[in-house]
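Colleague: Following this line is my_file_19.txt, made up of compact mmCIF, C-alpha atoms:
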# COMPACT_ATOMS: atom_id res chain seq x y z
CA MET G 1 106.02 89.68 97.38
CA PHE G 2 106.13 85.96 96.51
CA ARG G 3 109.63 85.66 97.92
CA LEU G 4 108.48 87.24 101.19
CA MET G 5 105.62 84.72 101.27
CA MET G 6 108.19 81.94 100.91
CA LEU G 7 110.44 83.39 103.61
CA THR G 8 107.70 84.09 106.17
CA GLY G 9 105.09 81.40 105.44
CA GLN G 10 102.31 83.96 105.74
CA ARG G 11 99.21 84.11 103.55
CA ARG G 12 99.10 86.03 100.28
CA GLY G 13 96.60 88.60 101.58
CA GLU G 14 98.59 89.12 104.77
CA VAL G 15 101.83 89.76 102.86
CA LEU G 16 100.07 91.81 100.19
CA ASN G 17 98.59 94.15 102.80
CA ILE G 18 101.66 94.75 104.98
CA ASP G 19 101.83 98.35 106.10
CA TRP G 20 105.13 99.89 107.17
CA THR G 21 103.52 100.72 110.54
CA GLU G 22 103.44 96.96 111.28
CA LEU G 23 107.19 96.51 110.79
CA ASP G 24 110.08 97.07 113.18
CA ARG G 25 113.47 96.87 111.47
CA VAL G 26 115.48 97.19 114.68
CA ARG G 27 113.69 94.23 116.28
CA SER G 28 113.31 92.39 112.93
CA GLU G 29 109.60 91.88 113.53
CA TRP G 30 106.29 92.22 111.75
CA LEU G 31 103.23 92.57 113.97
CA LEU G 32 100.26 91.38 111.92
CA PRO G 33 97.15 92.98 113.44
CA ALA G 34 94.28 90.70 114.42
CA GLU G 35 91.93 92.39 111.94
CA LYS G 36 94.26 91.44 109.07
CA SER G 37 94.82 87.80 110.02
CA LYS G 38 92.58 84.98 108.83
CA ASN G 39 91.96 83.65 112.33
CA GLY G 40 91.40 87.07 113.89
CA ARG G 41 94.43 86.79 116.18
CA GLY G 42 97.36 89.17 116.13
CA HIS G 43 100.57 87.49 115.09
CA LEU G 44 104.21 88.44 115.72
CA ILE G 45 106.42 87.31 112.84
CA SER G 46 110.20 87.29 113.16
CA LEU G 47 111.95 88.53 110.03
CA SER G 48 115.05 86.75 108.76
CA SER G 49 117.89 88.77 107.28
CA GLU G 50 116.63 87.67 103.84
CA SER G 51 113.17 89.09 104.62
CA ARG G 52 114.72 92.36 105.80
CA ARG G 53 116.66 92.61 102.52
CA ILE G 54 113.41 92.40 100.56
CA LEU G 55 111.86 95.11 102.72
CA ASP G 56 114.99 97.27 102.37
CA THR G 57 114.63 96.97 98.59
CA GLN G 58 110.94 97.91 98.79
CA ALA G 59 111.94 100.98 100.80
CA GLY G 60 114.35 101.98 98.06
CA GLY G 61 117.41 101.26 100.18
CA LYS G 62 116.47 104.06 102.55
CA LYS G 63 115.03 104.11 106.04
CA TRP G 64 111.76 102.20 106.14
CA PRO G 65 108.79 104.56 105.66
CA ALA G 66 106.63 105.40 108.67
CA SER G 67 103.43 104.26 106.95
CA GLY G 68 101.88 103.09 103.69
CA LEU G 69 101.62 99.78 101.89
CA VAL G 70 104.89 97.92 101.40
CA PHE G 71 103.75 96.37 98.12
CA ARG G 72 101.85 98.67 95.78
CA SER G 73 101.37 99.30 92.10
CA SER G 74 103.25 101.95 90.17
CA ARG G 75 100.22 104.20 90.81
CA GLY G 76 100.57 103.67 94.55
CA THR G 77 97.48 101.47 94.87
CA ARG G 78 97.09 97.95 96.27
CA LEU G 79 98.47 95.22 94.00
CA SER G 80 95.99 93.02 92.15
CA GLY G 81 95.89 90.69 89.15
CA PHE G 82 97.42 87.67 90.86
CA SER G 83 96.03 85.23 88.31
CA LYS G 84 98.02 86.97 85.58
CA ILE G 85 101.10 87.31 87.76
CA LYS G 86 101.00 83.61 88.66
CA ARG G 87 100.41 82.61 85.03
CA ASP G 88 103.46 84.66 83.97
CA TRP G 89 105.47 83.08 86.79
CA ASP G 90 104.39 79.58 85.71
CA GLN G 91 105.50 80.33 82.14
CA ARG G 92 108.93 81.45 83.35
CA ILE G 93 109.23 78.29 85.45
CA ASP G 94 108.23 76.16 82.46
CA ARG G 95 110.83 77.84 80.22
CA LYS G 96 113.55 77.30 82.82
CA LEU G 97 112.56 73.67 83.44
CA TRP G 98 112.35 72.87 79.74
CA ALA G 99 115.67 74.60 79.05
CA GLU G 100 117.29 72.29 81.61
CA ASP G 101 115.31 69.14 80.73
CA ALA G 102 112.90 69.01 77.79
CA GLY G 103 111.03 66.11 79.40
CA SER G 104 110.41 67.77 82.75
CA VAL G 105 106.87 68.22 84.01
CA ARG G 106 105.56 70.97 86.27
CA PHE G 107 102.66 70.02 88.47
CA PRO G 108 99.80 72.49 89.03
CA TRP G 109 100.10 74.54 92.19
CA ARG G 110 98.45 77.47 93.98
CA LEU G 111 100.01 80.34 95.90
CA HIS G 112 98.67 78.84 99.12
CA ASP G 113 100.91 75.81 98.46
CA ILE G 114 103.83 78.03 99.47
CA ARG G 115 102.67 77.70 103.09
CA ARG G 116 102.78 73.90 102.84
CA THR G 117 106.27 74.16 101.34
CA VAL G 118 107.40 76.34 104.24
CA ALA G 119 105.90 73.95 106.81
CA THR G 120 107.40 70.87 105.15
CA GLY G 121 110.76 72.58 104.69
CA MET G 122 110.92 73.64 108.33
CA GLN G 123 109.96 70.12 109.39
CA THR G 124 112.78 68.74 107.23
CA LEU G 125 115.18 71.15 108.96
CA GLY G 126 114.13 69.77 112.36
CA VAL G 127 111.76 72.51 113.51
CA ARG G 128 109.19 71.13 115.98
CA THR G 129 105.57 70.87 114.84
CA GLU G 130 104.22 73.26 117.50
CA VAL G 131 106.76 75.90 116.42
CA ILE G 132 105.79 75.49 112.75
CA GLU G 133 102.12 75.85 113.71
CA ALA G 134 102.99 79.02 115.63
CA VAL G 135 104.99 80.39 112.66
CA LEU G 136 101.97 79.82 110.39
CA ASN G 137 99.57 81.32 112.96
CA HIS G 138 97.44 78.17 112.80
CA GLN G 139 94.65 77.53 115.25
CA SER G 140 95.13 73.81 115.03
CA GLY G 141 94.21 70.95 117.30
CA LEU G 142 97.53 71.54 119.01
CA ARG G 143 96.52 75.06 120.07
CA SER G 144 92.74 74.92 120.49
CA GLY G 145 90.30 74.11 123.25
CA LEU G 146 91.71 73.57 126.72
CA VAL G 147 95.28 73.64 125.41
CA SER G 148 94.89 77.29 124.36
CA THR G 149 93.38 78.09 127.76
CA TYR G 150 96.23 76.66 129.81
CA GLN G 151 99.24 76.81 127.51
CA ARG G 152 99.88 80.45 126.62
CA TYR G 153 103.52 80.31 125.57
CA ASP G 154 103.95 82.03 122.18
CA TYR G 155 107.19 80.33 121.03
CA HIS G 156 108.68 83.73 120.17
CA VAL G 157 112.30 82.64 120.57
CA GLU G 158 111.75 79.36 118.75
CA LYS G 159 109.87 81.10 115.92
CA ALA G 160 112.76 83.55 115.48
CA GLU G 161 115.23 80.66 115.35
CA ALA G 162 113.04 78.78 112.86
CA MET G 163 112.69 81.85 110.63
CA ALA G 164 116.46 82.44 110.63
CA LEU G 165 117.10 78.78 109.80
CA TRP G 166 114.45 78.76 107.06
CA GLY G 167 115.68 82.07 105.60
CA ALA G 168 119.25 80.77 105.36
CA HIS G 169 117.96 77.55 103.76
CA VAL G 170 115.95 79.43 101.12
CA ALA G 171 118.91 81.74 100.45
CA ALA G 172 121.20 78.73 99.95
CA LEU G 173 118.72 77.09 97.56
CA THR G 174 118.36 80.27 95.52
CA ASN G 175 122.06 81.19 95.64
CA ARG G 176 121.46 84.45 97.49
Starting from the file, lay out its structure as structure tokens.
Modeller:
Amino acid sequence: MFRLMMLTGQRRGEVLNIDWTELDRVRSEWLLPAEKSKNGRGHLISLSSESRRILDTQAGGKKWPASGLVFRSSRGTRLSGFSKIKRDWDQRIDRKLWAEDAGSVRFPWRLHDIRRTVATGMQTLGVRTEVIEAVLNHQSGLRSGLVSTYQRYDYHVEKAEAMALWGAHVAALTNR
């Protein structure tokens, strides 16, 4: 789940609550319904090949299911306990850092910081600000007020290109 957050830039709750009905493998898209998004607007998310691989794994290497939560507990219920999961993840990061450099320091971070990492990373790769804002489904100053009334373009093509670029970048960094 955390890797999909890193690859898509979407919020924890949005990724956590993905239902297979929202996903289209053929088109490589995830349609986040308005009622599940923080800003109440539906959001079309392009899936990189790395994101599709994660979803293929969640589906057990078979055809994607027609419905049901993508991420669920062994009992089939919604995942929970993120504080414990993040604490365990932090401990693994600390062990790896200290194994490589005993003097290294890990700064505190929150899961929401992943979105900032995605935005900054895309910016570093040359993705335009308005495309990054569209990827993150932000209702920012760039897309509010009169601008949202007159400028309706959704940046679908540019978002797909940005997601492919970002997915390849993350894969290269993680040797996948």
Colleague: Grab the atom CA of Phe2 of chain G to atom CA of Ile114 of chain G distance for me, in Å with one decimal place.
Modeller: 8.8 Å
Colleague: Rounded to one decimal place, report the atom CA of Asp113 of chain G-atom CA of Thr129 of chain G distance in Å.
Modeller: 17.7 Å
Colleague: Mind checking which residues fall within 12 Å of Lys63 of chain G, counting only C-alpha atoms, ignoring those fewer than 4 positions away in the same chain, and posting them as a CSV table (one decimal) with C-alpha atoms, in the coordinates of the input?
Modeller:
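The result, stored in around.csv:
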chain,number,residue,atom,x,y,z
G,20,TRP,CA,105.1,99.9,107.2
G,23,LEU,CA,107.2,96.5,110.8
G,24,ASP,CA,110.1,97.1,113.2
G,25,ARG,CA,113.5,96.9,111.5
G,26,VAL,CA,115.5,97.2,114.7
G,52,ARG,CA,114.7,92.4,105.8
G,55,LEU,CA,111.9,95.1,102.7
G,56,ASP,CA,115.0,97.3,102.4
G,57,THR,CA,114.6,97.0,98.6
G,58,GLN,CA,110.9,97.9,98.8
G,59,ALA,CA,111.9,101.0,100.8
G,67,SER,CA,103.4,104.3,107.0
Colleague: What are the nearest atom pairs, with distances in Å to one decimal, for all residues of segment 12-70 of chain G that come at most 9 Å from segment 133-140 of chain G, using all atoms listed in the file, set out by chain and rising residue number as a tab-separated table?
Modeller:
residue	atom	partner	partner_atom	distance
G:Ser37	CA	G:Asn137	CA	8.6
G:Lys38	CA	G:Asn137	CA	8.9
G:Asn39	CA	G:Gln139	CA	7.3
G:Arg41	CA	G:Asn137	CA	8.2
G:Gly42	CA	G:Asn137	CA	8.7
G:His43	CA	G:Asn137	CA	6.6
G:Leu44	CA	G:Val135	CA	8.6
G:Ile45	CA	G:Val135	CA	7.1
G:Ser46	CA	G:Val135	CA	8.7
Colleague: Rounded to one decimal in Å, what is the spacing between atom CA of Gly40 of chain G and atom CA of Arg11 of chain G?
Modeller: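 Pair atom CA of Gly40 of chain G / atom CA of Arg11 of chain G returns 13.3 Å.
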Colleague: For Leu47 of chain G, which of G:Thr8, G:Leu31, G:Arg92, G:Glu158 is the closest residue, counting all atoms listed in the file?
Modeller: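 Nearest to Leu47 of chain G: G:Thr8.
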Colleague: If we count all atoms listed in the file and set the cut-off at 8 Å, which residues sit around Ala168 of chain G, ignoring sequence neighbours fewer than 4 positions away in its own chain? Please answer as number ranges by chain.
Modeller: G: 50, 164, 172
Colleague: So that all listed atoms of segment 163-168 of chain G fit with 3 Å spare on each side, what axis-aligned box centre and edge lengths in Å, to one decimal, would you give as AutoDock Vina command-line options?
Modeller:
--center_x 116.0 --center_y 80.6 --center_z 108.0 --size_x 12.6 --size_y 9.7 --size_z 11.3
Colleague: Which residue out of G:Val70, G:Ala171, G:Leu4, G:Leu16 has the minimum interatomic distance to Lys36 of chain G when only C-alpha atoms are used?
Modeller: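 Residue with the minimum atom-to-atom distance to Lys36 of chain G: G:Leu16.
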Colleague: Go ahead and find all residues with at least one atom no further than 12 Å from (103.9, 82.7, 87.9) in the file's coordinates, using all atoms listed in the file; report them as a PyMOL selection string.
Modeller: chain G and resi 1-3+81-95+106+108-111
Colleague: Nearest residue to Ser28 of chain G out of G:Ser80, G:Ser104, G:Asn175, G:Ser48, using only C-alpha atoms?
Modeller: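 Looking at the shortest contact to Ser28 of chain G, the residue is G:Ser48.
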Colleague: For Glu22 of chain G, please output as an MDAnalysis selection string all residues within 9 Å (counting only C-alpha atoms; exclusion window: fewer than 3 positions along the same chain).
Modeller: chainID G and resid 18:19 29:33 67
Colleague: So, with all atoms listed in the file as the atoms that count, which of G:Glu35, G:Val105, G:Arg115, G:Asn17 lies closest to Arg72 of chain G?
Modeller: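 The answer is G:Asn17, which sits nearest to Arg72 of chain G.
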Colleague: Which residue is closest to Gly68 of chain G? Choose from G:Gln123, G:Ser51, G:Thr174, G:Thr21 and count all atoms listed in the file.
Modeller: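 That would be G:Thr21, the residue with the smallest distance to Gly68 of chain G.
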Colleague: Can you sort out segment 68-90 of chain G so it carries N, CA and C atoms, written as a JSON list (two decimals), in the frame of the given file?
Modeller:
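Output saved as selection_12.json:
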[["chain", "number", "residue", "atom", "x", "y", "z"],
["G", 68, "GLY", "N", 102.17, 103.38, 105.09],
["G", 68, "GLY", "CA", 101.88, 103.09, 103.69],
["G", 68, "GLY", "C", 102.09, 101.62, 103.38],
["G", 69, "LEU", "N", 101.48, 101.17, 102.30],
["G", 69, "LEU", "CA", 101.62, 99.78, 101.89],
["G", 69, "LEU", "C", 103.05, 99.49, 101.45],
["G", 70, "VAL", "N", 103.55, 98.34, 101.83],
["G", 70, "VAL", "CA", 104.89, 97.92, 101.40],
["G", 70, "VAL", "C", 104.87, 97.55, 99.93],
["G", 71, "PHE", "N", 103.87, 96.80, 99.51],
["G", 71, "PHE", "CA", 103.75, 96.37, 98.12],
["G", 71, "PHE", "C", 102.59, 97.12, 97.48],
["G", 72, "ARG", "N", 102.90, 97.90, 96.46],
["G", 72, "ARG", "CA", 101.85, 98.67, 95.78],
["G", 72, "ARG", "C", 102.19, 98.78, 94.30],
["G", 73, "SER", "N", 101.19, 99.15, 93.54],
["G", 73, "SER", "CA", 101.37, 99.30, 92.10],
["G", 73, "SER", "C", 102.17, 100.56, 91.81],
["G", 74, "SER", "N", 102.52, 100.74, 90.56],
["G", 74, "SER", "CA", 103.25, 101.95, 90.17],
["G", 74, "SER", "C", 102.42, 103.21, 90.41],
["G", 75, "ARG", "N", 101.10, 103.06, 90.51],
["G", 75, "ARG", "CA", 100.22, 104.20, 90.81],
["G", 75, "ARG", "C", 100.02, 104.39, 92.31],
["G", 76, "GLY", "N", 100.67, 103.54, 93.10],
["G", 76, "GLY", "CA", 100.57, 103.67, 94.55],
["G", 76, "GLY", "C", 99.37, 102.97, 95.17],
["G", 77, "THR", "N", 98.67, 102.18, 94.37],
["G", 77, "THR", "CA", 97.48, 101.47, 94.87],
["G", 77, "THR", "C", 97.84, 100.02, 95.22],
["G", 78, "ARG", "N", 96.91, 99.35, 95.88],
["G", 78, "ARG", "CA", 97.09, 97.95, 96.27],
["G", 78, "ARG", "C", 97.31, 97.09, 95.02],
["G", 79, "LEU", "N", 98.21, 96.14, 95.11],
["G", 79, "LEU", "CA", 98.47, 95.22, 94.00],
["G", 79, "LEU", "C", 97.25, 94.34, 93.76],
["G", 80, "SER", "N", 97.05, 93.96, 92.50],
["G", 80, "SER", "CA", 95.99, 93.02, 92.15],
["G", 80, "SER", "C", 96.43, 92.26, 90.91],
["G", 81, "GLY", "N", 95.57, 91.44, 90.37],
["G", 81, "GLY", "CA", 95.89, 90.69, 89.15],
["G", 81, "GLY", "C", 96.78, 89.49, 89.40],
["G", 82, "PHE", "N", 96.54, 88.78, 90.51],
["G", 82, "PHE", "CA", 97.42, 87.67, 90.86],
["G", 82, "PHE", "C", 97.31, 86.50, 89.90],
["G", 83, "SER", "N", 96.16, 86.32, 89.27],
["G", 83, "SER", "CA", 96.03, 85.23, 88.31],
["G", 83, "SER", "C", 97.01, 85.44, 87.16],
["G", 84, "LYS", "N", 97.09, 86.66, 86.67],
["G", 84, "LYS", "CA", 98.02, 86.97, 85.58],
["G", 84, "LYS", "C", 99.46, 86.86, 86.05],
["G", 85, "ILE", "N", 99.74, 87.38, 87.23],
["G", 85, "ILE", "CA", 101.10, 87.31, 87.76],
["G", 85, "ILE", "C", 101.54, 85.85, 87.91],
["G", 86, "LYS", "N", 100.65, 85.02, 88.47],
["G", 86, "LYS", "CA", 101.00, 83.61, 88.66],
["G", 86, "LYS", "C", 101.15, 82.91, 87.32],
["G", 87, "ARG", "N", 100.30, 83.22, 86.36],
["G", 87, "ARG", "CA", 100.41, 82.61, 85.03],
["G", 87, "ARG", "C", 101.76, 82.97, 84.39],
["G", 88, "ASP", "N", 102.16, 84.24, 84.50],
["G", 88, "ASP", "CA", 103.46, 84.66, 83.97],
["G", 88, "ASP", "C", 104.60, 83.93, 84.68],
["G", 89, "TRP", "N", 104.46, 83.78, 86.00],
["G", 89, "TRP", "CA", 105.47, 83.08, 86.79],
["G", 89, "TRP", "C", 105.56, 81.62, 86.36],
["G", 90, "ASP", "N", 104.41, 80.98, 86.17],
["G", 90, "ASP", "CA", 104.39, 79.58, 85.71],
["G", 90, "ASP", "C", 105.09, 79.45, 84.36]]
